[in-house]
Amino acid sequence: MSTPTLKQNPTHAGSTIVGIGAYRPSVIVTNEDVCQWIDSSDEWIQQRTGIITRHRAPREVSVVDMAVDAGAEAIKNAGIEPSQIGAVLVSTVSHPYATPSAAALIADKIGANPAPAYDISAACAGYCYGVAQADALVRSGVADYVLVIGAEKLSDVIDNHERTISFLLGDGAGAVVIGPSDEPGISPAVWGSDGSKWDTIGMTSSLLDVRDFSEQAMKSDGVELAAASEAHAALWPTLRQDGQTVFRWAVWEMAKMAKKALEVAGITADDLGAFVPHQANMRIIDELAKQLKLPEHVIIGRDIADAGNTSAASIPLATHRLLAENPELSGKLSLQIGFGAGLVFGAQVVRLP
Amino acid sequence: MASNEEILAGLAEIVNEETGLAPEAVELDKSFTDDLDIDSISMMTIVVNAEEKFDVKIPDEEVKNLKTVGDAVSFIAGAQA
């Protein structure tokens with residue numbers, strides 16, 4: 001009996017972003033609002049972070065709702081039917097179920113059922129991770145079109161009274177459709193992780209702590225436990241960071257990765273139309289731009305001033321806004337770099353839709 | 001290897017570039033936060049620039065101990081030795 005030859009997918013020569021969408025929730029939280037919760041001032045917050053407002057979603061709007069809106073716009077913008085989507089990748093750290101995924105529900109709501117769908121847990125690098133995977137899926141012929149969404153409802157996982165990270169954060173969703181193209185539209189990803197800094201950004205406690213706390217609370221009257229600050233963290237885990245350590249890594253290590261992304265793309269900063277780093281802090285964005293010695297014509301995404309830091313959603317949201325405000329950027333190259341909890345990072349150059 | 005005076009002068013230059021403070025204001029007994037009004041992000045920028053200038057490593061956990069300009073000068077001098 002002869003050995004049968006396996007069939008493999010016919011491949012596509014290139015991949016590119018063919019559509020983009022965004023969802024910005026309706027509630028605007030000002031620095032004055034934030035100063036009701038922490039001892040600070042509008043001036044202090046603006047000077048240290050560049051943030052003036054952040055958008056947050058009302059209680060009844062979920063991560064999935066925001067993702068569906070952004071995804072639907074991206075599909076419409078791509079000029080395809082939802083049924084043509086061959087995979088749905090959703091980057092999020094604020095979908096409140098460990099399982100089932102946000103992606104499966106989003107795929108169904110968006111009309112892409114039964115496309116394969118899964119969540120990516122790569123925090124603020126999640127969108128760039130998704131783009132890297134989508135590029136591989138399209139070029140290898142696994143899918144013709146892949147929907148990549150970054151969606152976060154970070155307001156569900158913050159403690160308004162802590163001051164390392166909560167006041168920076170906002171909610172929102174951004175999405176792109178990646179499809180086949182004759183010309184390369186997505187450069188190789190420069191991506192990676194550094195788990196030695198695992199505890200520099202993350203949740204105050206694990207789900208196991210929540211379970212143990214609940215068990216203890218049920219045995220006692222619960223009141224004394226709730227009074228203890230450690231117990232409070234276990235009641236509902238929220239985000240924290242070691243800002244100074246993260247800042248050093250985000251600027252000087254990420255500047256190296258951004259330069260490497262240009263190098264592997266075979267271009268220089270002069271060839272860029274835009275630079276869209278993760279919208280973590282305006283000071284990081286400014287310092288990164290300085291390190292990269294970007295020429296003046298490169299337009300820098302600074303959505304953070306109004307939107308705050310929206311983790312996985314920040315790069316597609318900022319890109320969506322740049323394209324709306326500067327339509328001439330369409331077809332030009334954008335360097336994007338995401339970095340965050342893990343620590344993880346991902347960078348690539350994309351051709352703007 | 002730089003002398004303490006050279007380290008102080010170099011630090012003053014770095015602080016001036018980051019904050020615009022006059023180099024003469026950067027004195028050994030001055031606190032980075034209380035006297036020079038340098039925030040944690042600017043402090044990190046100063047630290048990274050000092051690492052480059054003096055060819056030393058200043059670990060993250062050490063940065064918290066550098067309260068005054070004198071602390072930074074001593075640390076850099078020690079790290080160079």
# chains A, B, ... in the order shown; residues from 1 in each chain; ligands from 1
call {"tool": "residues_around", "arguments": {"residues": "segment 51-63 of chain A", "least_positions_apart": "2", "cutoff": "8 Å", "atoms": "only C-alpha atoms", "output": "ChimeraX atom specification"}}
result
/A:24-31,42,45-46,49,65-67,94-95,102,151-153,155,168-173,281-282,304-309
call {"tool": "residues_around", "arguments": {"residues": "Val73 of chain B", "least_positions_apart": "4", "cutoff": "9 Å", "atoms": "only C-alpha atoms", "output": "PyMOL selection string"}}
result
chain B and resi 4-5+7-8+11+28+68-69+77-78
call {"tool": "interface_residues", "arguments": {"of": "chain A", "to": "chain B", "cutoff": "10 Å", "atoms": "only C-alpha atoms", "output": "NGL selection string"}}
result
:A and (47-49 or 243-248 or 251-252 or 283-284 or 287)
call {"tool": "closest_residue", "arguments": {"among": "A:Thr238, A:Thr310, A:Gln84, A:Gln216", "to": "Asn160 of chain A", "atoms": "only C-alpha atoms"}}
result
A:Thr238
call {"tool": "residues_around", "arguments": {"residues": "Ala9 of chain B", "least_positions_apart": "6", "cutoff": "12 Å", "atoms": "only C-alpha atoms", "output": "ChimeraX atom specification"}}
result
/B:2-3,15-16,22-28,50,53-54,69-70,73
call {"tool": "select_by_dssp", "arguments": {"residues": "segment 114-263 of chain A", "states": "helix (DSSP H, G or I)", "output": "VMD selection string"}}
result
chain A and resid 123 to 139 154 to 157 166 to 168 195 to 200 207 to 219 223 to 227 229 to 235 243 to 263
